[in-house]
file target37.cif (mmCIF, C-alpha atoms)
data_model
#
loop_
_atom_site.label_atom_id
_atom_site.label_comp_id
_atom_site.auth_asym_id
_atom_site.auth_seq_id
_atom_site.Cartn_x
_atom_site.Cartn_y
_atom_site.Cartn_z
CA MET A 1 37.67 185.42 130.35
CA PHE A 2 39.43 184.67 127.11
CA LEU A 3 36.10 184.44 125.22
CA ALA A 4 34.91 187.81 126.62
CA LYS A 5 38.10 189.56 125.54
CA LEU A 6 37.84 187.99 122.12
CA SER A 7 34.25 189.17 121.65
CA ARG A 8 35.22 192.74 122.57
CA GLN A 9 38.02 192.77 120.07
CA ASN A 10 35.81 191.41 117.25
CA ARG A 11 33.15 194.17 117.65
CA SER A 12 32.33 196.03 114.43
CA PRO A 13 32.96 199.76 114.00
CA LEU A 14 29.14 200.45 113.68
CA ALA A 15 28.53 199.05 117.11
CA LEU A 16 31.33 201.17 118.51
CA ALA A 17 29.87 204.29 116.88
CA PHE A 18 26.38 203.53 118.33
CA THR A 19 27.74 203.11 121.85
CA PHE A 20 29.69 206.33 121.49
CA SER A 21 26.63 208.29 120.34
CA THR A 22 24.44 206.99 123.18
CA ARG A 23 27.03 207.93 125.74
CA HIS A 24 27.46 211.34 124.19
CA LEU A 25 23.67 212.02 124.17
CA SER A 26 23.64 211.84 127.93
CA SER A 27 25.96 214.79 128.13
CA SER A 28 24.58 218.33 128.52
CA ASN A 29 26.13 219.64 125.26
CA LEU A 30 23.47 218.08 123.04
CA TYR A 31 20.68 219.47 125.29
CA ASP A 32 21.89 223.01 124.57
CA ARG A 33 22.58 222.32 120.87
CA TYR A 34 19.13 220.93 120.05
CA SER A 35 17.22 223.24 122.52
CA PHE A 36 15.75 220.28 124.33
CA ARG A 37 13.80 221.13 127.46
CA PRO A 38 12.82 218.42 129.92
CA PRO A 39 9.21 218.43 131.23
CA PRO A 40 8.68 220.55 134.36
CA SER A 41 7.48 217.58 136.40
CA LEU A 42 10.89 215.88 136.10
CA VAL A 43 13.25 218.86 136.42
CA PRO A 44 11.85 221.85 138.37
CA GLU A 45 12.78 225.20 136.87
CA PRO A 46 14.55 227.73 139.08
CA GLN A 47 12.50 230.76 140.10
CA ASN A 48 14.92 233.40 138.78
CA ILE A 49 14.65 232.31 135.12
CA GLU A 50 12.78 234.85 132.98
CA PRO A 51 9.54 233.58 131.37
CA HIS A 52 9.37 232.82 127.68
CA PRO A 53 8.39 235.87 125.52
CA ASP A 54 5.40 233.97 124.10
CA SER A 55 3.99 233.36 127.59
CA ARG A 56 3.98 237.13 128.33
CA THR A 57 1.76 237.87 125.35
CA ASN A 58 -0.61 235.06 126.35
CA ASN A 59 -0.96 236.48 129.86
CA LEU A 60 -1.80 239.91 128.45
CA LYS A 61 -4.47 238.49 126.16
CA LYS A 62 -6.16 236.17 128.67
CA LYS A 63 -7.15 238.22 131.68
CA LYS A 64 -8.88 236.62 134.60
CA LYS A 65 -12.63 237.11 134.57
CA PRO A 66 -14.07 238.81 137.66
CA GLN A 67 -16.07 236.60 139.97
CA TYR A 68 -19.79 236.52 139.11
CA ARG A 69 -21.93 238.69 141.33
CA PRO A 70 -25.71 238.69 140.91
CA PRO A 71 -27.27 242.11 140.29
CA SER A 72 -28.69 243.84 143.32
CA SER A 73 -30.88 246.90 143.57
CA LEU A 74 -28.92 247.93 146.66
CA ASP A 75 -25.87 248.79 144.53
CA ARG A 76 -26.80 252.40 143.96
CA THR A 77 -23.51 254.11 144.81
CA GLY A 78 -23.45 257.59 143.38
CA SER A 79 -26.99 257.45 141.93
CA LYS A 80 -29.94 259.60 142.91
CA PRO A 81 -32.96 258.21 144.77
CA ILE A 82 -35.90 257.11 142.65
CA HIS A 83 -38.58 259.75 142.27
CA SER A 84 -42.18 258.73 141.57
CA GLU A 85 -45.01 261.05 140.54
CA LEU A 86 -47.76 258.72 141.76
CA PRO A 87 -50.21 260.83 143.82
CA PHE A 88 -50.81 258.45 146.73
CA ASP A 89 -48.99 257.09 149.76
CA PHE A 90 -47.01 253.89 149.21
CA ARG A 91 -48.27 251.03 151.38
CA TYR A 92 -47.59 247.31 151.39
CA SER A 93 -51.30 246.51 150.92
CA TYR A 94 -53.90 249.01 149.74
CA THR A 95 -56.97 246.86 150.43
CA GLU A 96 -56.05 245.30 153.80
CA THR A 97 -54.91 248.53 155.50
CA SER A 98 -56.90 251.67 156.10
CA PRO A 99 -55.34 255.15 156.35
CA THR A 100 -58.04 256.20 158.84
CA VAL A 101 -57.06 253.52 161.42
CA ARG A 102 -54.03 254.66 163.40
CA PRO A 103 -51.79 251.98 164.95
CA ILE A 104 -50.66 252.18 168.56
CA GLY A 105 -47.08 251.04 167.95
CA LEU A 106 -44.53 249.37 165.67
CA ARG A 107 -43.07 245.86 165.80
CA GLU A 108 -39.70 246.79 164.28
CA PRO A 109 -37.55 249.85 163.61
CA LYS A 110 -38.59 251.99 160.67
CA TYR A 111 -36.55 250.22 157.99
CA SER A 112 -37.78 251.16 154.54
CA PRO A 113 -38.92 248.06 152.59
CA PHE A 114 -37.74 249.80 149.39
CA GLY A 115 -34.12 249.59 150.53
CA PRO A 116 -31.88 252.23 152.13
CA GLY A 117 -31.85 255.46 150.14
CA ARG A 118 -33.61 254.03 147.07
CA ILE A 119 -36.60 256.41 147.02
CA ASP A 120 -37.05 260.04 147.99
CA ARG A 121 -39.86 259.23 150.44
CA GLU A 122 -39.38 258.53 154.13
CA TRP A 123 -40.88 255.32 155.54
CA THR A 124 -42.94 256.03 158.65
CA GLY A 125 -43.41 252.40 159.67
CA VAL A 126 -46.86 252.29 158.01
CA CYS A 127 -46.49 254.02 154.65
CA ALA A 128 -44.30 256.31 152.54
CA PRO A 129 -46.26 259.61 152.34
CA ALA A 130 -46.44 261.46 149.03
CA LEU A 131 -46.71 265.04 150.29
CA ASP A 132 -44.65 265.13 153.47
CA PRO A 133 -41.66 262.80 153.02
CA LYS A 134 -39.99 264.09 156.21
CA VAL A 135 -42.58 262.56 158.56
CA ARG A 136 -40.68 260.20 160.85
CA SER A 137 -43.31 258.89 163.26
CA VAL A 138 -46.57 257.01 163.17
CA GLU A 139 -48.32 259.77 165.09
CA GLY A 140 -47.67 262.17 162.19
CA VAL A 141 -49.63 260.07 159.70
CA GLU A 142 -52.94 261.80 159.09
CA GLU A 143 -55.74 261.43 156.60
CA GLU A 144 -54.89 261.76 152.95
CA ASP A 145 -54.83 265.22 151.39
CA PRO A 146 -57.91 265.84 149.20
CA ASN A 147 -55.65 267.43 146.54
CA LEU A 148 -54.13 264.00 145.88
CA GLU A 149 -57.57 262.53 145.25
CA LYS A 150 -58.37 265.29 142.76
CA LYS A 151 -55.07 264.71 140.99
CA ARG A 152 -55.77 260.97 140.73
CA LYS A 153 -59.22 261.63 139.23
CA LEU A 154 -57.79 264.03 136.64
CA THR A 155 -55.02 261.59 135.70
CA ARG A 156 -57.46 258.70 135.43
CA GLY A 157 -59.88 260.71 133.29
CA ARG A 158 -57.07 261.77 130.95
CA ILE A 159 -55.85 258.18 130.52
CA GLN A 160 -59.30 256.61 130.11
CA GLY A 161 -60.57 259.02 127.45
CA GLU A 162 -63.97 258.29 125.94
CA PRO A 163 -65.93 255.42 127.51
CA LEU A 164 -66.03 252.08 125.74
CA THR A 165 -69.02 251.03 123.70
CA GLY A 166 -70.85 247.79 124.39
CA ALA A 167 -69.28 246.02 121.43
CA GLU A 168 -65.75 247.11 122.37
CA ARG A 169 -66.25 246.03 125.94
CA LYS A 170 -67.57 242.64 124.88
CA ILE A 171 -64.56 242.06 122.59
CA LEU A 172 -62.10 242.92 125.38
CA VAL A 173 -63.88 240.65 127.83
CA GLU A 174 -63.85 237.81 125.31
CA ASN A 175 -60.11 238.26 124.68
CA CYS A 176 -59.41 238.05 128.42
CA GLN A 177 -61.10 234.68 128.90
CA ARG A 178 -59.05 231.72 130.04
CA HIS A 179 -59.24 229.88 126.72
CA LYS A 180 -57.92 232.98 124.91
CA THR A 181 -54.99 234.11 127.06
CA SER A 182 -53.05 233.01 130.12
CA ARG A 183 -52.33 236.55 131.33
CA GLN A 184 -53.64 236.73 134.88
CA VAL A 185 -52.82 238.48 138.16
CA ASN A 186 -53.70 236.55 141.32
CA LEU A 187 -54.92 238.60 144.29
CA GLY A 188 -54.67 236.61 147.53
CA ARG A 189 -54.76 237.07 151.27
CA ASP A 190 -52.55 240.19 151.22
CA GLY A 191 -54.93 241.96 148.84
CA LEU A 192 -53.71 244.54 146.36
CA THR A 193 -50.01 244.88 147.21
CA HIS A 194 -47.67 247.61 146.02
CA ASN A 195 -45.60 245.33 143.76
CA MET A 196 -48.80 244.08 142.13
CA LEU A 197 -49.20 247.51 140.50
CA ASN A 198 -45.99 246.88 138.56
CA ASP A 199 -47.27 243.46 137.44
CA ILE A 200 -50.48 245.00 136.10
CA HIS A 201 -48.57 247.62 134.08
CA ASN A 202 -46.32 244.87 132.70
CA HIS A 203 -49.39 243.04 131.41
CA TRP A 204 -50.82 246.26 129.98
CA LYS A 205 -47.70 246.59 127.86
CA HIS A 206 -48.84 243.65 125.73
CA ALA A 207 -52.64 243.67 126.15
CA GLU A 208 -55.35 246.29 126.64
CA ALA A 209 -57.02 244.43 129.50
CA VAL A 210 -55.81 242.00 132.15
CA ARG A 211 -57.66 239.32 134.10
CA ILE A 212 -57.48 239.51 137.91
CA LYS A 213 -58.54 236.56 140.05
CA CYS A 214 -59.45 237.41 143.66
CA LEU A 215 -59.54 234.75 146.37
CA GLY A 216 -59.31 234.68 150.14
CA VAL A 217 -59.85 237.40 152.74
CA PRO A 218 -60.08 240.44 150.38
CA THR A 219 -63.16 238.99 148.65
CA VAL A 220 -65.28 239.79 151.73
CA ASP A 221 -65.22 243.43 150.59
CA MET A 222 -65.13 243.31 146.79
CA LYS A 223 -66.29 246.90 146.58
CA ASN A 224 -63.06 248.03 148.27
CA VAL A 225 -60.98 245.80 145.95
CA CYS A 226 -62.58 247.31 142.83
CA THR A 227 -62.22 250.86 144.17
CA GLN A 228 -58.54 250.47 145.04
CA LEU A 229 -57.72 248.80 141.72
CA GLU A 230 -59.23 251.67 139.74
CA ASP A 231 -57.78 254.32 142.05
CA LYS A 232 -54.19 253.06 142.15
CA THR A 233 -53.79 251.83 138.56
CA PHE A 234 -55.96 254.52 136.84
CA GLY A 235 -57.72 251.67 135.01
CA LYS A 236 -61.35 250.68 134.57
CA ILE A 237 -63.08 247.46 135.57
CA ILE A 238 -65.13 246.39 132.57
CA HIS A 239 -66.35 243.01 133.82
CA LYS A 240 -67.00 241.44 137.22
CA GLN A 241 -68.15 237.91 137.87
CA GLY A 242 -67.65 236.72 141.44
CA GLY A 243 -63.97 237.05 142.20
CA LEU A 244 -62.97 237.42 138.54
CA LEU A 245 -62.29 240.97 137.31
CA MET A 246 -61.25 242.43 133.95
CA LEU A 247 -59.21 245.63 134.27
CA TYR A 248 -58.97 247.88 131.20
CA ARG A 249 -55.98 250.22 130.82
CA GLY A 250 -57.70 253.10 128.93
CA ARG A 251 -57.81 254.54 125.42
CA ASN A 252 -54.97 257.03 125.94
CA TYR A 253 -52.66 254.71 127.85
CA ASN A 254 -49.06 254.82 126.61
CA PRO A 255 -46.79 251.99 127.84
CA LYS A 256 -43.69 254.13 127.22
CA LYS A 257 -45.01 256.76 129.66
CA ARG A 258 -46.04 254.38 132.40
CA PRO A 259 -45.54 255.70 135.95
CA VAL A 260 -42.38 254.94 137.89
CA ILE A 261 -43.20 252.31 140.54
CA PRO A 262 -40.31 251.51 142.92
CA LEU A 263 -40.50 247.90 144.10
CA MET A 264 -40.58 246.76 147.71
CA MET A 265 -37.74 244.35 148.47
CA TRP A 266 -39.34 242.68 151.48
CA ARG A 267 -42.60 242.61 153.38
CA PRO A 268 -42.64 245.01 156.34
CA HIS A 269 -44.00 243.87 159.68
CA GLU A 270 -47.55 244.92 160.42
CA PRO A 271 -47.88 247.60 163.09
CA ILE A 272 -49.68 247.01 166.38
CA TYR A 273 -53.39 247.87 166.32
CA PRO A 274 -55.88 247.97 169.21
CA ARG A 275 -57.38 244.66 170.30
CA LEU A 276 -60.28 243.48 168.21
CA ILE A 277 -62.01 241.59 171.06
CA LYS A 278 -62.10 243.26 174.43
CA THR A 279 -62.31 241.55 177.80
CA THR A 280 -65.88 242.75 178.27
CA ILE A 281 -68.25 243.73 175.51
CA ASP A 282 -69.49 247.31 175.68
CA GLY A 283 -72.76 247.48 177.59
CA LEU A 284 -72.39 244.03 179.19
CA SER A 285 -70.90 242.81 182.43
CA ILE A 286 -68.17 240.19 182.76
CA GLU A 287 -70.67 237.41 183.57
CA GLU A 288 -72.90 238.35 180.65
CA THR A 289 -69.89 238.40 178.30
CA LYS A 290 -68.77 234.92 179.40
CA GLU A 291 -72.31 233.58 179.05
CA MET A 292 -72.61 235.07 175.54
CA ARG A 293 -69.32 233.52 174.41
CA LYS A 294 -70.37 230.12 175.73
CA ARG A 295 -73.76 230.43 174.05
CA GLY A 296 -72.24 231.66 170.79
CA LEU A 297 -70.06 228.54 170.42
CA ALA A 298 -73.21 226.39 170.78
CA VAL A 299 -75.21 228.25 168.10
CA PRO A 300 -75.79 226.34 164.84
CA VAL A 301 -73.21 227.12 162.17
CA LEU A 302 -74.31 229.61 159.53
CA THR A 303 -71.70 228.53 156.96
CA LYS A 304 -68.27 226.91 156.72
CA LEU A 305 -65.53 228.87 154.96
CA ALA A 306 -63.17 227.05 152.62
CA LYS A 307 -59.49 227.93 152.54
CA ASN A 308 -58.67 230.49 149.84
CA GLY A 309 -62.29 230.59 148.72
CA TYR A 310 -64.60 233.34 147.55
CA TYR A 311 -66.39 235.06 150.46
CA GLY A 312 -68.33 237.71 148.55
CA SER A 313 -71.72 236.51 149.83
CA LEU A 314 -70.70 236.38 153.51
CA VAL A 315 -71.86 239.89 154.47
CA PRO A 316 -75.46 239.56 153.15
CA MET A 317 -75.68 236.08 154.75
CA VAL A 318 -74.79 237.51 158.17
CA ARG A 319 -77.21 240.41 157.69
CA ASP A 320 -80.06 238.02 156.84
CA ALA A 321 -79.21 235.83 159.83
CA PHE A 322 -79.38 238.81 162.18
CA LEU A 323 -83.04 239.26 161.26
CA PHE A 324 -83.87 236.04 163.18
CA ALA A 325 -81.01 235.56 165.68
CA ASP A 326 -78.79 237.81 167.76
CA LEU A 327 -75.69 235.55 167.54
CA VAL A 328 -74.08 234.12 164.39
CA ARG A 329 -71.34 231.49 164.25
CA ILE A 330 -69.09 230.90 161.21
CA ASP A 331 -66.92 227.78 161.01
CA CYS A 332 -63.32 228.58 159.94
CA GLN A 333 -61.58 225.24 160.49
CA GLY A 334 -58.53 224.94 158.25
CA LEU A 335 -58.01 228.70 157.87
CA GLU A 336 -55.04 230.62 159.22
CA LYS A 337 -55.67 232.42 162.49
CA SER A 338 -54.75 235.78 160.98
CA ASP A 339 -57.20 235.17 158.11
CA TYR A 340 -60.34 234.66 160.16
CA LYS A 341 -59.37 237.52 162.45
CA LYS A 342 -59.24 239.79 159.39
CA ILE A 343 -62.61 238.42 158.27
CA GLY A 344 -64.08 239.23 161.68
CA CYS A 345 -62.70 242.77 161.47
CA LYS A 346 -64.28 243.26 158.03
CA LEU A 347 -67.63 241.92 159.26
CA ARG A 348 -67.51 244.36 162.17
CA ASP A 349 -67.25 247.30 159.76
CA LEU A 350 -69.50 246.07 156.93
CA VAL A 351 -72.46 244.38 158.63
CA PRO A 352 -72.02 246.10 161.25
CA CYS A 353 -71.69 243.80 164.27
CA ILE A 354 -69.63 243.14 167.40
CA PRO A 355 -67.05 240.29 167.42
CA VAL A 356 -67.54 238.07 170.46
CA THR A 357 -64.84 235.37 170.20
CA PHE A 358 -62.43 233.58 167.83
CA ASP A 359 -61.98 230.47 169.97
CA LYS A 360 -61.91 226.94 168.46
CA GLU A 361 -61.43 228.37 164.92
CA GLN A 362 -64.89 229.93 165.02
CA ILE A 363 -66.10 233.47 164.35
CA VAL A 364 -68.92 234.46 166.69
CA VAL A 365 -70.48 237.89 166.16
CA TRP A 366 -73.30 239.68 168.01
CA ARG A 367 -75.68 242.09 166.37
CA GLY A 368 -75.87 244.36 169.44
CA LYS A 369 -78.76 245.70 171.47
CA ASP A 370 -80.01 248.36 169.05
CA TYR A 371 -79.52 246.59 165.74
CA LYS A 372 -81.05 248.13 162.61
CA PRO A 373 -80.58 246.37 159.26
CA PRO A 374 -79.04 248.62 156.59
CA GLU A 375 -81.52 250.05 154.10
CA ASP A 376 -79.29 249.86 150.99
CA GLY A 377 -78.10 246.55 149.58
CA TYR A 378 -74.40 245.83 149.82
CA PHE A 379 -73.68 244.31 146.42
CA ALA A 380 -76.12 246.50 144.49
CA ALA A 381 -74.03 249.58 145.30
CA THR A 382 -70.83 247.71 144.46
CA ASP A 383 -71.91 246.72 140.96
CA GLN A 384 -73.30 250.16 140.13
CA ASN A 385 -70.25 252.08 141.27
CA SER A 386 -67.41 249.89 140.03
CA VAL A 387 -68.83 248.37 136.83
CA ASP A 388 -71.13 250.69 134.93
CA ASP A 389 -72.20 248.62 131.93
CA SER A 390 -70.97 245.16 132.84
CA ASN A 391 -74.44 244.11 133.93
CA MET A 392 -75.56 244.51 130.33
CA ILE A 393 -72.88 242.10 129.13
CA SER A 394 -73.46 239.56 131.88
CA ALA A 395 -77.23 239.68 131.30
CA ALA A 396 -76.75 239.15 127.56
CA ASP A 397 -74.43 236.22 128.20
CA LYS A 398 -76.94 234.69 130.63
CA HIS A 399 -79.73 235.15 128.07
CA GLU A 400 -77.67 233.36 125.41
CA SER A 401 -76.84 230.51 127.78
CA ASN A 402 -80.52 230.15 128.77
CA VAL A 403 -81.54 229.97 125.10
CA GLU A 404 -78.92 227.27 124.46
CA ASP A 405 -80.15 225.29 127.48
CA ASN A 406 -83.75 225.50 126.33
CA ASP A 407 -82.78 224.35 122.83
CA SER A 408 -80.82 221.40 124.20
CA GLN A 409 -83.71 220.38 126.46
CA SER A 410 -86.25 220.62 123.64
CA SER A 411 -84.05 218.54 121.35
#

call {"tool": "encode", "arguments": {"input": "target37.cif", "output": "structure tokens"}}
result
Amino acid sequence: MFLAKLSRQNRSPLALAFTFSTRHLSSSNLYDRYSFRPPPSLVPEPQNIEPHPDSRTNNLKKKKKPQYRPPSSLDRTGSKPIHSELPFDFRYSYTETSPTVRPIGLREPKYSPFGPGRIDREWTGVCAPALDPKVRSVEGVEEEDPNLEKKRKLTRGRIQGEPLTGAERKILVENCQRHKTSRQVNLGRDGLTHNMLNDIHNHWKHAEAVRIKCLGVPTVDMKNVCTQLEDKTFGKIIHKQGGLLMLYRGRNYNPKKRPVIPLMMWRPHEPIYPRLIKTTIDGLSIEETKEMRKRGLAVPVLTKLAKNGYYGSLVPMVRDAFLFADLVRIDCQGLEKSDYKKIGCKLRDLVPCIPVTFDKEQIVVWRGKDYKPPEDGYFAATDQNSVDDSNMISAADKHESNVEDNDSQSS
């Protein structure tokens, strides 16, 4: 005790001053004097204290960004519907549907695939008519007005201008080859769709001609594909080799004055059509129909169709087979059921013939009792109508290739 008291008395004045200052720092007077603010995690601030003036300016400068919302074509509040001057009815597919065939019903309500209120044409469940946009039923859809066809011909003639010479055509075809450009439009099982027209015009913005590769069901009727491409795009097919087409835009084509093509936002359901195969074939009894179906499945196969292949030679093959047999069987294993049903429907109209059955992934067709082979060739008319001078180019190319082969063999 005595030693502790003695040590306290012998303390220096510096030590006493240091202890005094440390005690005084803990008081609240120095906090206010030196504007010291403790961190908010240790001492929570009361809610009624006004914010610092610098924080107000920062809040005004940094506004919260609105939440990102992807653009949608449905956001058309206060805007007018799109108007298009194209002189034809808008359909989902122009090659796989026919305006002359009338459906017997619809599978869904008449929701427009262009979106609600986006175009000034009414959707009838099958198409969006150009002349009568107030048609609201399938029964009101009639054949196309001939004035629209005349208007399309005049527009196409004005855009095409003077026909191409052989040298110009050959240069365009060479520039569209695969080793020259990658610009290509693929035409598949749905055929020439409405949105594909916009893709073709987008390619025409950068090149005079575009390459179109056709595969699948539409290649059974290449004449229809070529006709619809020229009719709906106002272009010109300058080269055709199998399922490969070259579509030229025209001399007077102006990309800045391209037609307005509203896009379809989804694929509409196909309407209901009459049955393709009836219970009994016309002119035969029930027993004869059953016997024919059983016999048709036992007939030797004419050909086997590959999935997403080129079927341009199928119609002449079936016509030649009908010269020696009354039933023809085509193997369709691996194909979608809807695909070989569409092929059977095209054969019925093009050969012509009568579909017998689609069982076991086979197409069996009957030539009928009074079958007469068509006088005109199928592909001869197609090449003459759709491609005027392309035969000259293809023949010249074949001649050059034959000369090269002969030279290589001789060497």

call {"tool": "resolve_selection", "arguments": {"input": "target37.cif", "expression": "the PyMOL selection byres ((chain A and resi 195-197) around 10)", "output": "PyMOL selection string"}}
result
chain A and resi 91-93+185-187+191-194+198-202+229+232-233+261-265

call {"tool": "residues_near_point", "arguments": {"input": "target37.cif", "point": "(-81.2, 236.9, 165.8)", "cutoff": "12 Å", "atoms": "only C-alpha atoms", "output": "list in words"}}
result
Gly296, Val299, Pro300, Leu302, Val318, Arg319, Asp320, Ala321, Phe322, Leu323, Phe324, Ala325, Asp326, Leu327, Val328, Arg329, Cys353, Val365, Trp366, Arg367, Gly368, Lys369, Asp370, Tyr371, Lys372 and Pro373 of chain A

call {"tool": "write_last_selection", "arguments": {"input": "target37.cif", "atoms": "C-alpha atoms", "output": "tab-separated table (two decimals), in the coordinates of the input"}}
result
chain	number	residue	atom	x	y	z
A	296	GLY	CA	-72.24	231.66	170.79
A	299	VAL	CA	-75.21	228.25	168.10
A	300	PRO	CA	-75.79	226.34	164.84
A	302	LEU	CA	-74.31	229.61	159.53
A	318	VAL	CA	-74.79	237.51	158.17
A	319	ARG	CA	-77.21	240.41	157.69
A	320	ASP	CA	-80.06	238.02	156.84
A	321	ALA	CA	-79.21	235.83	159.83
A	322	PHE	CA	-79.38	238.81	162.18
A	323	LEU	CA	-83.04	239.26	161.26
A	324	PHE	CA	-83.87	236.04	163.18
A	325	ALA	CA	-81.01	235.56	165.68
A	326	ASP	CA	-78.79	237.81	167.76
A	327	LEU	CA	-75.69	235.55	167.54
A	328	VAL	CA	-74.08	234.12	164.39
A	329	ARG	CA	-71.34	231.49	164.25
A	353	CYS	CA	-71.69	243.80	164.27
A	365	VAL	CA	-70.48	237.89	166.16
A	366	TRP	CA	-73.30	239.68	168.01
A	367	ARG	CA	-75.68	242.09	166.37
A	368	GLY	CA	-75.87	244.36	169.44
A	369	LYS	CA	-78.76	245.70	171.47
A	370	ASP	CA	-80.01	248.36	169.05
A	371	TYR	CA	-79.52	246.59	165.74
A	372	LYS	CA	-81.05	248.13	162.61
A	373	PRO	CA	-80.58	246.37	159.26

call {"tool": "resolve_selection", "arguments": {"input": "target37.cif", "expression": "the PyMOL selection byres ((chain A and resi 111-115) around 12)", "output": "count of residues only"}}
result
40

call {"tool": "closest_residue", "arguments": {"input": "target37.cif", "among": "A:Arg169, A:Lys213, A:Arg293, A:Arg158", "to": "A:Tyr253", "atoms": "all atoms listed in the file"}}
result
A:Arg158

call {"tool": "closest_residue", "arguments": {"input": "target37.cif", "among": "A:Val101, A:Ile159, A:Val364, A:Leu164", "to": "A:Arg295", "atoms": "only C-alpha atoms"}}
result
A:Val364

call {"tool": "atom_distance", "arguments": {"input": "target37.cif", "atom1": "atom CA of A:Arg102", "atom2": "atom CA of A:Leu215"}}
result
26.8 Å

call {"tool": "closest_residue", "arguments": {"input": "target37.cif", "among": "A:Ile272, A:Leu314, A:Cys226, A:Leu172", "to": "A:Gly250", "atoms": "all atoms listed in the file"}}
result
A:Leu172

call {"tool": "closest_residue", "arguments": {"input": "target37.cif", "among": "A:Pro355, A:Pro259, A:Pro218, A:Gly344", "to": "A:Glu85", "atoms": "all atoms listed in the file"}}
result
A:Pro259

call {"tool": "closest_residue", "arguments": {"input": "target37.cif", "among": "A:Asp331, A:Asp145, A:Glu174, A:Glu208", "to": "A:Ile363", "atoms": "all atoms listed in the file"}}
result
A:Asp331

call {"tool": "atom_distance", "arguments": {"input": "target37.cif", "atom1": "atom CA of A:Gly188", "atom2": "atom CA of A:Asp231"}}
result
18.8 Å

call {"tool": "atom_distance", "arguments": {"input": "target37.cif", "atom1": "atom CA of A:Phe234", "atom2": "atom CA of A:Leu154"}}
result
9.7 Å

call {"tool": "closest_residue", "arguments": {"input": "target37.cif", "among": "A:Cys345, A:Val225, A:Met246, A:Ile354", "to": "A:Val173", "atoms": "all atoms listed in the file"}}
result
A:Met246

call {"tool": "residues_around", "arguments": {"input": "target37.cif", "residues": "A:Tyr273", "least_positions_apart": "5", "cutoff": "8 Å", "atoms": "only C-alpha atoms", "output": "PyMOL selection string"}}
result
chain A and resi 102-105

call {"tool": "write_last_selection", "arguments": {"input": "target37.cif", "atoms": "C-alpha atoms", "output": "CSV table (one decimal), in the frame of the given file"}}
result
chain,number,residue,atom,x,y,z
A,102,ARG,CA,-54.0,254.7,163.4
A,103,PRO,CA,-51.8,252.0,165.0
A,104,ILE,CA,-50.7,252.2,168.6
A,105,GLY,CA,-47.1,251.0,168.0

call {"tool": "residues_near_point", "arguments": {"input": "target37.cif", "point": "(-61.0, 234.9, 154.1)", "cutoff": "9 Å", "atoms": "all atoms listed in the file", "output": "list in words"}}
result
Arg189, Leu215, Gly216, Val217, Pro218, Thr219, Val220, Leu305, Ala306, Lys307, Asn308, Gly309, Tyr310, Tyr311, Cys332, Leu335, Glu336, Asp339, Tyr340, Lys341, Lys342 and Ile343 of chain A
